[in-house]
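Asker: I'm passing along coords.json; it holds JSON, C-alpha atoms and all ligand atoms.
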```json
[["chain", "number", "residue", "atom", "x", "y", "z"],
["A", 1, "MET", "CA", 0.00, 0.00, 0.00],
["A", 2, "PRO", "CA", 1.37, 3.47, -0.83],
["A", 3, "ASN", "CA", 2.97, 5.29, 2.10],
["A", 4, "SER", "CA", 0.86, 8.41, 1.91],
["A", 5, "LEU", "CA", -2.21, 6.23, 2.55],
["A", 6, "ILE", "CA", -0.57, 4.50, 5.52],
["A", 7, "ASP", "CA", 0.37, 7.90, 6.98],
["A", 8, "GLN", "CA", -3.16, 9.17, 6.13],
["A", 9, "ASN", "CA", -1.40, 12.10, 4.59],
["A", 10, "LYS", "CA", -2.67, 12.52, 0.99],
["A", 11, "TYR", "CA", -5.00, 10.26, -0.92],
["A", 12, "ASP", "CA", -3.73, 11.72, -4.20],
["A", 13, "GLY", "CA", 0.00, 11.69, -3.52],
["A", 14, "GLU", "CA", 2.43, 10.79, -6.29],
["A", 15, "ASP", "CA", 2.96, 7.31, -4.79],
["A", 16, "VAL", "CA", -0.78, 6.64, -4.88],
["A", 17, "LYS", "CA", -0.96, 7.70, -8.52],
["A", 18, "ILE", "CA", 1.92, 5.46, -9.46],
["A", 19, "ALA", "CA", 0.43, 2.50, -7.58],
["A", 20, "LEU", "CA", -2.99, 2.99, -9.18],
["A", 21, "SER", "CA", -1.46, 3.27, -12.65],
["A", 22, "VAL", "CA", 0.42, 0.03, -12.18],
["A", 23, "MET", "CA", -2.73, -1.73, -10.97],
["A", 24, "SER", "CA", -5.16, -0.55, -13.59],
["A", 25, "THR", "CA", -5.52, -2.72, -16.67],
["A", 26, "GLY", "CA", -4.62, -0.71, -19.73],
["A", 27, "CYS", "CA", -5.12, 2.48, -17.68],
["A", 28, "LYS", "CA", -8.83, 2.95, -18.34],
["A", 29, "CYS", "CA", -11.62, 4.65, -16.41],
["A", 30, "VAL", "CA", -13.12, 1.81, -14.36],
["A", 31, "TYR", "CA", -16.63, 3.02, -15.15],
["A", 32, "CYS", "CA", -16.77, 4.17, -18.77],
["A", 33, "GLU", "CA", -13.63, 2.36, -20.05],
["A", 34, "ARG", "CA", -12.26, 5.49, -21.68],
["A", 35, "LEU", "CA", -8.50, 5.31, -22.10],
["A", 36, "LEU", "CA", -6.63, 7.49, -19.61],
["A", 37, "PRO", "CA", -3.15, 8.90, -20.16],
["A", 38, "LYS", "CA", -0.38, 6.94, -18.47],
["A", 39, "LEU", "CA", 1.85, 8.74, -15.97],
["A", 40, "ASP", "CA", 4.58, 9.37, -18.52],
["A", 41, "GLU", "CA", 2.13, 10.71, -21.10],
["A", 42, "LEU", "CA", 0.69, 13.45, -18.98],
["A", 43, "ASN", "CA", -0.04, 16.75, -20.61],
["A", 44, "THR", "CA", -1.85, 19.86, -19.47],
["A", 45, "HIS", "CA", -5.29, 18.32, -20.01],
["A", 46, "ASP", "CA", -5.21, 15.57, -17.47],
["A", 47, "ILE", "CA", -8.59, 13.85, -17.63],
["A", 48, "ARG", "CA", -7.73, 11.43, -14.83],
["A", 49, "ALA", "CA", -9.22, 11.58, -11.36],
["A", 50, "ILE", "CA", -8.84, 9.44, -8.26],
["A", 51, "GLU", "CA", -12.18, 7.98, -7.41],
["A", 52, "HIS", "CA", -13.45, 6.97, -3.98],
["A", 53, "PHE", "CA", -16.00, 4.23, -4.60],
["A", 54, "TYR", "CA", -17.56, 5.07, -1.24],
["A", 55, "PRO", "CA", -17.48, 8.90, -1.28],
["A", 56, "LYS", "CA", -14.94, 10.36, 1.13],
["A", 57, "LYS", "CA", -17.34, 13.09, 2.16],
["A", 58, "LEU", "CA", -19.95, 10.64, 3.42],
["A", 59, "TYR", "CA", -17.50, 8.00, 4.62],
["A", 60, "PRO", "CA", -14.37, 9.75, 5.94],
["A", 61, "LEU", "CA", -12.91, 6.41, 7.07],
["A", 62, "GLN", "CA", -12.78, 5.41, 3.42],
["A", 63, "LYS", "CA", -10.68, 8.40, 2.41],
["A", 64, "PHE", "CA", -7.30, 6.67, 2.69],
["A", 65, "LYS", "CA", -8.48, 3.13, 2.14],
["A", 66, "TRP", "CA", -6.52, 1.57, -0.71],
["A", 67, "SER", "CA", -9.36, -0.78, -1.74],
["A", 68, "ASN", "CA", -11.66, 2.22, -2.13],
["A", 69, "LEU", "CA", -9.46, 4.04, -4.68],
["A", 70, "PHE", "CA", -9.65, 3.74, -8.48],
["A", 71, "TRP", "CA", -8.56, 5.63, -11.56],
["A", 72, "VAL", "CA", -11.49, 7.16, -13.38],
["A", 73, "CYS", "CA", -12.06, 9.96, -15.86],
["A", 74, "LYS", "CA", -13.05, 13.39, -14.58],
["A", 75, "ASN", "CA", -16.44, 13.04, -16.26],
["A", 76, "CYS", "CA", -17.47, 9.95, -14.31],
["A", 77, "ASN", "CA", -15.89, 11.31, -11.15],
["A", 78, "SER", "CA", -17.85, 14.55, -11.22],
["A", 79, "THR", "CA", -21.14, 12.90, -12.24],
["A", 80, "LYS", "CA", -20.96, 10.31, -9.50],
["A", 81, "LEU", "CA", -19.69, 12.88, -6.97],
["A", 82, "ASN", "CA", -21.09, 12.13, -3.50],
["A", 83, "TYR", "CA", -23.61, 9.54, -4.57],
["A", 84, "ASP", "CA", -24.18, 7.21, -1.63],
["A", 85, "THR", "CA", -22.96, 3.85, -2.91],
["A", 86, "GLN", "CA", -23.28, 2.30, 0.52],
["A", 87, "ASN", "CA", -27.05, 2.75, 0.59],
["A", 88, "ASN", "CA", -27.80, 2.55, -3.12],
["A", 89, "PRO", "CA", -26.73, -0.52, -5.06],
["A", 90, "PHE", "CA", -23.92, 0.32, -7.47],
["A", 91, "VAL", "CA", -21.78, -1.85, -9.76],
["A", 92, "HIS", "CA", -18.40, -2.26, -8.08],
["A", 93, "PRO", "CA", -15.43, -2.08, -10.48],
["A", 94, "GLU", "CA", -13.65, -4.98, -8.86],
["A", 95, "ASN", "CA", -16.18, -7.13, -7.06],
["A", 96, "ASP", "CA", -18.72, -7.15, -9.89],
["A", 97, "ASP", "CA", -18.29, -8.22, -13.47],
["A", 98, "PRO", "CA", -19.62, -5.28, -15.53],
["A", 99, "GLU", "CA", -20.48, -7.66, -18.35],
["A", 100, "ASP", "CA", -23.18, -9.22, -16.17],
["A", 101, "TYR", "CA", -24.85, -5.83, -16.02],
["A", 102, "PHE", "CA", -24.43, -3.91, -19.23],
["A", 103, "GLU", "CA", -25.11, -4.31, -22.87],
["A", 104, "TYR", "CA", -25.09, -1.95, -25.83],
["A", 105, "ASP", "CA", -27.29, -1.05, -28.71],
["A", 106, "TYR", "CA", -26.21, -0.20, -32.20],
["A", 107, "SER", "CA", -26.48, 3.54, -31.58],
["A", 108, "HIS", "CA", -23.65, 2.97, -29.08],
["A", 109, "GLN", "CA", -25.79, 3.62, -26.01],
["A", 110, "ILE", "CA", -25.19, 1.54, -22.96],
["A", 111, "LYS", "CA", -28.24, -0.33, -21.66],
["A", 112, "VAL", "CA", -29.32, -2.55, -18.80],
["A", 113, "ASN", "CA", -28.53, -6.18, -19.59],
["A", 114, "LYS", "CA", -31.81, -8.10, -19.74],
["A", 115, "PHE", "CA", -30.25, -10.81, -17.57],
["A", 116, "SER", "CA", -28.91, -8.32, -15.06],
["A", 117, "PRO", "CA", -28.72, -9.74, -11.51],
["A", 118, "ASN", "CA", -29.84, -6.39, -10.08],
["A", 119, "GLU", "CA", -31.58, -3.82, -12.24],
["A", 120, "GLU", "CA", -31.49, -1.07, -9.68],
["A", 121, "LYS", "CA", -27.75, -1.46, -9.42],
["A", 122, "ASN", "CA", -27.55, -1.14, -13.18],
["A", 123, "LYS", "CA", -29.69, 1.95, -13.38],
["A", 124, "ASN", "CA", -27.83, 3.77, -10.60],
["A", 125, "THR", "CA", -24.48, 3.07, -12.20],
["A", 126, "ILE", "CA", -25.51, 4.13, -15.69],
["A", 127, "GLU", "CA", -27.15, 7.29, -14.39],
["A", 128, "ARG", "CA", -24.20, 8.27, -12.23],
["A", 129, "THR", "CA", -21.32, 7.40, -14.53],
["A", 130, "MET", "CA", -21.76, 5.78, -17.87],
["A", 131, "GLY", "CA", -24.50, 8.00, -19.19],
["A", 132, "LYS", "CA", -21.58, 10.01, -20.49],
["A", 133, "ARG", "CA", -20.81, 7.22, -22.90],
["A", 134, "VAL", "CA", -23.32, 8.70, -25.27],
["A", 135, "LEU", "CA", -20.72, 11.40, -25.87],
["A", 136, "GLU", "CA", -18.39, 8.78, -27.22],
["A", 137, "ILE", "CA", -20.39, 7.97, -30.34],
["A", 138, "THR", "CA", -17.44, 8.58, -32.63],
["A", 139, "TRP", "CA", -15.43, 5.98, -30.77],
["A", 140, "GLY", "CA", -18.36, 3.58, -30.81],
["A", 141, "SER", "CA", -18.53, 3.91, -34.60],
["A", 142, "VAL", "CA", -14.82, 3.30, -35.05],
["A", 143, "ILE", "CA", -15.04, 0.13, -32.99],
["A", 144, "LEU", "CA", -18.10, -1.05, -34.88],
["A", 145, "PHE", "CA", -16.36, -0.42, -38.20],
["A", 146, "GLN", "CA", -13.25, -2.34, -37.14],
["A", 147, "PHE", "CA", -15.41, -5.19, -35.91],
["A", 148, "GLN", "CA", -17.33, -5.34, -39.18],
["A", 149, "MET", "CA", -14.06, -5.66, -41.10],
["A", 150, "PHE", "CA", -13.26, -8.75, -39.03],
["A", 151, "GLU", "CA", -16.75, -10.10, -39.52],
["A", 152, "ILE", "CA", -16.65, -9.65, -43.32],
["A", 153, "ASP", "CA", -13.32, -11.45, -43.45],
["A", 154, "LEU", "CA", -14.66, -14.30, -41.35],
["A", 155, "GLU", "CA", -17.86, -14.64, -43.35],
["A", 156, "LYS", "CA", -15.90, -14.79, -46.60],
["A", 157, "ASN", "CA", -13.71, -17.57, -45.27],
["A", 158, "LEU", "CA", -16.66, -19.41, -43.76],
["A", 159, "LYS", "CA", -18.40, -19.48, -47.15],
["A", 160, "LYS", "CA", -15.27, -20.83, -48.83],
["A", 161, "TYR", "CA", -15.01, -23.43, -46.10],
["A", 162, "GLU", "CA", -18.62, -24.51, -46.53],
["A", 163, "ARG", "CA", -18.36, -24.71, -50.33],
["A", 164, "SER", "CA", -15.19, -26.74, -50.48],
["A", 165, "THR", "CA", -15.55, -30.50, -50.56],
["A", 166, "LYS", "CA", -12.00, -31.65, -49.96],
["A", 167, "GLN", "CA", -11.04, -32.21, -46.36],
["A", 168, "ASN", "CA", -7.63, -30.57, -46.81],
["A", 169, "THR", "CA", -9.04, -27.41, -48.37],
["A", 170, "LYS", "CA", -11.67, -27.20, -45.66],
["A", 171, "LEU", "CA", -8.96, -27.39, -43.03],
["A", 172, "LYS", "CA", -6.92, -24.70, -44.81],
["A", 173, "TYR", "CA", -9.85, -22.27, -44.59],
["A", 174, "LEU", "CA", -10.51, -23.18, -40.99],
["A", 175, "LYS", "CA", -6.90, -22.37, -40.15],
["A", 176, "GLN", "CA", -7.26, -18.98, -41.81],
["A", 177, "ILE", "CA", -10.42, -18.42, -39.81],
["A", 178, "LEU", "CA", -8.63, -19.36, -36.62],
["A", 179, "GLY", "CA", -5.98, -16.74, -37.35],
["A", 180, "VAL", "CA", -8.64, -14.02, -37.70],
["A", 181, "ILE", "CA", -10.38, -15.28, -34.55],
["A", 182, "GLN", "CA", -7.15, -14.92, -32.61],
["A", 183, "ASP", "CA", -6.73, -11.33, -33.83],
["A", 184, "LEU", "CA", -10.34, -10.68, -32.86],
["A", 185, "LYS", "CA", -9.61, -11.93, -29.36],
["A", 186, "ILE", "CA", -6.82, -9.38, -29.09],
["A", 187, "PHE", "CA", -9.19, -6.71, -30.47],
["A", 188, "ALA", "CA", -11.33, -7.19, -27.33],
["A", 189, "ASN", "CA", -8.76, -7.97, -24.65],
["A", 190, "ASP", "CA", -8.78, -6.35, -21.21],
["A", 191, "GLU", "CA", -6.41, -3.58, -22.17],
["A", 192, "LYS", "CA", -8.52, -2.26, -25.00],
["A", 193, "GLU", "CA", -10.60, 0.85, -24.63],
["A", 194, "TYR", "CA", -14.32, -0.03, -24.41],
["A", 195, "ALA", "CA", -13.55, -3.75, -24.15],
["A", 196, "GLY", "CA", -17.12, -4.31, -22.92],
["A", 197, "ARG", "CA", -18.59, -2.94, -26.11],
["A", 198, "ARG", "CA", -16.13, -4.91, -28.25],
["A", 199, "ARG", "CA", -17.07, -8.16, -26.51],
["A", 200, "PHE", "CA", -20.74, -7.38, -26.86],
["A", 201, "LEU", "CA", -20.32, -7.16, -30.65],
["A", 202, "ILE", "CA", -18.50, -10.49, -30.71],
["A", 203, "ARG", "CA", -21.15, -12.22, -28.60],
["A", 204, "GLN", "CA", -23.99, -10.91, -30.76],
["A", 205, "SER", "CA", -22.55, -12.08, -34.05],
["A", 206, "LEU", "CA", -24.21, -15.09, -35.67],
["A", 207, "VAL", "CA", -21.27, -15.53, -38.04],
["A", 208, "ILE", "CA", -18.94, -15.84, -35.08],
["A", 209, "LYS", "CA", -21.30, -18.25, -33.37],
["A", 210, "ALA", "CA", -21.31, -20.50, -36.43],
["A", 211, "ILE", "CA", -17.55, -20.27, -36.80],
["A", 212, "THR", "CA", -16.85, -21.09, -33.17],
["A", 213, "GLN", "CA", -18.94, -24.25, -33.56],
["A", 214, "GLU", "CA", -17.04, -25.32, -36.66],
["A", 215, "ILE", "CA", -13.70, -24.70, -35.00],
["A", 216, "ASN", "CA", -14.60, -26.81, -32.01],
["A", 217, "HIS", "CA", -16.02, -29.48, -34.24],
["A", 218, "HIS", "CA", -12.53, -29.80, -35.77],
["A", 219, "GLN", "CA", -10.63, -29.09, -32.59],
["A", 220, "THR", "CA", -8.22, -32.05, -32.92],
["A", 221, "GLU", "CA", -7.40, -31.48, -36.61],
["A", 222, "LEU", "CA", -6.67, -27.84, -35.82],
["A", 223, "GLY", "CA", -4.28, -28.89, -33.10],
["A", 224, "LEU", "CA", -6.18, -27.19, -30.29],
["A", 225, "SER", "CA", -5.61, -28.79, -26.92],
["A", 226, "GLU", "CA", -8.97, -27.54, -25.63],
["A", 227, "PRO", "CA", -12.17, -26.12, -27.14],
["A", 228, "PHE", "CA", -11.99, -22.50, -28.23],
["A", 229, "THR", "CA", -13.95, -20.20, -25.92],
["A", 230, "TRP", "CA", -14.65, -16.47, -25.92],
["A", 231, "VAL", "CA", -13.28, -15.84, -22.47],
["A", 232, "TRP", "CA", -10.82, -13.10, -21.62],
["B", 301, "ZN", "ZN", -15.23, 7.53, -17.13]]
```
Would you encode the structure as structure tokens?
Answerer:
Amino acid sequence: MPNSLIDQNKYDGEDVKIALSVMSTGCKCVYCERLLPKLDELNTHDIRAIEHFYPKKLYPLQKFKWSNLFWVCKNCNSTKLNYDTQNNPFVHPENDDPEDYFEYDYSHQIKVNKFSPNEEKNKNTIERTMGKRVLEITWGSVILFQFQMFEIDLEKNLKKYERSTKQNTKLKYLKQILGVIQDLKIFANDEKEYAGRRRFLIRQSLVIKAITQEINHHQTELGLSEPFTWVW
């Protein structure tokens, strides 16, 4: 734990910032997944803020508590402000899996997942942080475009695979597909900005569903030691 927290000196000391940067995957806002500048990339427009999950104003004992601190963007930080997360259910960046709670629509808006374990928790979190995601439509479109390029490539190879009759040719196409699939997995890994949205697109795709089945059907011939899964 950083010294300035142990001494209860500063919650935003340089040592705290360094420790948080090292901890945070890909240095993203834990709520909206916007990419935050790393410590060595800081410029005059620092959009980073240190977030107290349980607001320090309402819960002073939480002010220097390491487990209560997260990197977020200033937008989410100022929207959430002193919202009482102790008495109102709220999606916790570490203890909850955001993918159980959120999904997206094609206009890039974030929505309550229809299988959400706790709808109130969803609504509070969206209202107090991620509502700002609507501002990120440009980014949403870029991600969608990149995803569609992958999907087109996969569909093309899937058709070739389905049309070919020789076992060897079929396997050749499947191997090409597997290569694209592996790139697609990187496209949505934890370090990527808006990984939640990227994974949502992958899960929704019927082409990818069909392809995953084919791959696992030929798992041994493809030299895979275990079935391919979309888990990150
Ligand atoms: Zn944010």
Asker: Can you work out which residues are within 9 Å of ligand ZN 301 (chain B), considering all atoms listed in the file, and then hand them over as a PyMOL selection string?
Answerer: chain A and resi 28-36+48+71-77+129-130+132-133
Asker: Can you work out the spacing between atom CA of Lys160 of chain A and atom CA of Lys175 of chain A in Å, to one decimal?
Answerer: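 Calculated distance between atom CA of Lys160 of chain A and atom CA of Lys175 of chain A is 12.2 Å.
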Asker: I'd like the contact shell of Thr169 of chain A - 12 Å cut-off, all atoms listed in the file, skipping same-chain residues fewer than 6 positions apart - returned as number ranges by chain.
Answerer: A: 157-158, 160-163, 175-176
Asker: Go ahead and compute the interatomic distance for atom CA of Asn88 of chain A and atom CA of Tyr104 of chain A, in Å to one decimal.
Answerer: 23.3 Å
Asker: For a test of reading the model, state the distance in Å between atom CA of Asp100 of chain A and atom CA of Met23 of chain A, rounded to one decimal.
Answerer: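 Between atom CA of Asp100 of chain A and atom CA of Met23 of chain A the gap is 22.4 Å.
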Asker: When you count all atoms listed in the file, which of these residues is closest to Ile177 of chain A: A:Leu61, A:Leu224, A:Leu201, A:Ile211?
Answerer: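 With all atoms listed in the file as the atom set, the closest residue is A:Ile211.
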Asker: Rank nothing, just name the residue among A:Arg198, A:Lys156, A:Lys172, A:Lys80 nearest to Leu222 of chain A, using all atoms listed in the file.
Answerer: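 Comparing A:Arg198, A:Lys156, A:Lys172, A:Lys80 against Leu222 of chain A, the winner is A:Lys172.
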Asker: If you count only C-alpha atoms, which residues fall within 10 Å of Pro93 of chain A, apart from same-chain ones fewer than 2 positions away, as an MDAnalysis selection string?
Answerer: chainID A and resid 29:31 53 70 90:91 95:98
Asker: Would you mind exporting C-alpha atoms of the selected residues as an mmCIF file, in the coordinates of the input?
Answerer:
```cif
data_model
loop_
_atom_site.group_PDB
_atom_site.id
_atom_site.type_symbol
_atom_site.label_atom_id
_atom_site.label_comp_id
_atom_site.auth_asym_id
_atom_site.auth_seq_id
_atom_site.Cartn_x
_atom_site.Cartn_y
_atom_site.Cartn_z
ATOM 1 C CA CYS A 29 -11.620 4.650 -16.410
ATOM 2 C CA VAL A 30 -13.120 1.810 -14.360
ATOM 3 C CA TYR A 31 -16.630 3.020 -15.150
ATOM 4 C CA PHE A 53 -16.000 4.230 -4.600
ATOM 5 C CA PHE A 70 -9.650 3.740 -8.480
ATOM 6 C CA PHE A 90 -23.920 0.320 -7.470
ATOM 7 C CA VAL A 91 -21.780 -1.850 -9.760
ATOM 8 C CA ASN A 95 -16.180 -7.130 -7.060
ATOM 9 C CA ASP A 96 -18.720 -7.150 -9.890
ATOM 10 C CA ASP A 97 -18.290 -8.220 -13.470
ATOM 11 C CA PRO A 98 -19.620 -5.280 -15.530
#
```
Asker: With a distance cut-off of 12 Å and only C-alpha atoms, select the neighbouring residues of Gln219 of chain A, excluding the residue or stretch itself and same-chain residues fewer than 5 positions from it, and output the selection as a PyMOL selection string.
Answerer: chain A and resi 171+174-175+178+211-214+224-229
Asker: Once you have the residues from the selection above, write them out as a PDB file, in the frame of the given file, restricted to C-alpha atoms.
Answerer:
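Generated file (part-v2.pdb):
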```
ATOM      1  CA  LEU A 171      -8.960 -27.390 -43.030  1.00  0.00           C
ATOM      2  CA  LEU A 174     -10.510 -23.180 -40.990  1.00  0.00           C
ATOM      3  CA  LYS A 175      -6.900 -22.370 -40.150  1.00  0.00           C
ATOM      4  CA  LEU A 178      -8.630 -19.360 -36.620  1.00  0.00           C
ATOM      5  CA  ILE A 211     -17.550 -20.270 -36.800  1.00  0.00           C
ATOM      6  CA  THR A 212     -16.850 -21.090 -33.170  1.00  0.00           C
ATOM      7  CA  GLN A 213     -18.940 -24.250 -33.560  1.00  0.00           C
ATOM      8  CA  GLU A 214     -17.040 -25.320 -36.660  1.00  0.00           C
ATOM      9  CA  LEU A 224      -6.180 -27.190 -30.290  1.00  0.00           C
ATOM     10  CA  SER A 225      -5.610 -28.790 -26.920  1.00  0.00           C
ATOM     11  CA  GLU A 226      -8.970 -27.540 -25.630  1.00  0.00           C
ATOM     12  CA  PRO A 227     -12.170 -26.120 -27.140  1.00  0.00           C
ATOM     13  CA  PHE A 228     -11.990 -22.500 -28.230  1.00  0.00           C
ATOM     14  CA  THR A 229     -13.950 -20.200 -25.920  1.00  0.00           C
TER      15      THR A 229
END
```
Asker: May I have the residues within 8 Å of Asp15 of chain A as a PyMOL selection string, using only C-alpha atoms and disregarding those fewer than 2 positions away in the same chain?
Answerer: chain A and resi 2-4+13+17-19
Asker: Identify which of the residues A:Ile215, A:Leu5, A:Ile143, A:Val112 lies closest to Asn68 of chain A, counting all atoms listed in the file when measuring atom-to-atom distances.
Answerer: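 Answer, going by the shortest atom-to-atom distance: A:Leu5.
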Asker: Find the residue from A:Tyr54, A:Tyr59, A:Tyr106, A:Tyr101 that sits nearest to Gln204 of chain A; use all atoms listed in the file when measuring.
Answerer: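 Going through A:Tyr54, A:Tyr59, A:Tyr106, A:Tyr101 one by one, the smallest distance to Gln204 of chain A is for A:Tyr106.
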Asker: Could you tell me which of A:Leu206, A:Ile152, A:Leu20, A:Leu81 comes closest to Lys38 of chain A if we count only C-alpha atoms?
Answerer: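 Among the listed residues, A:Leu20 lies closest to Lys38 of chain A.
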Asker: Check the smallest atom-to-atom distance from each of A:Ser116, A:Phe150, A:Ile208, A:Ser24 to Leu184 of chain A using only C-alpha atoms, then report the winner.
Answerer: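 Among the listed residues, A:Phe150 lies closest to Leu184 of chain A.
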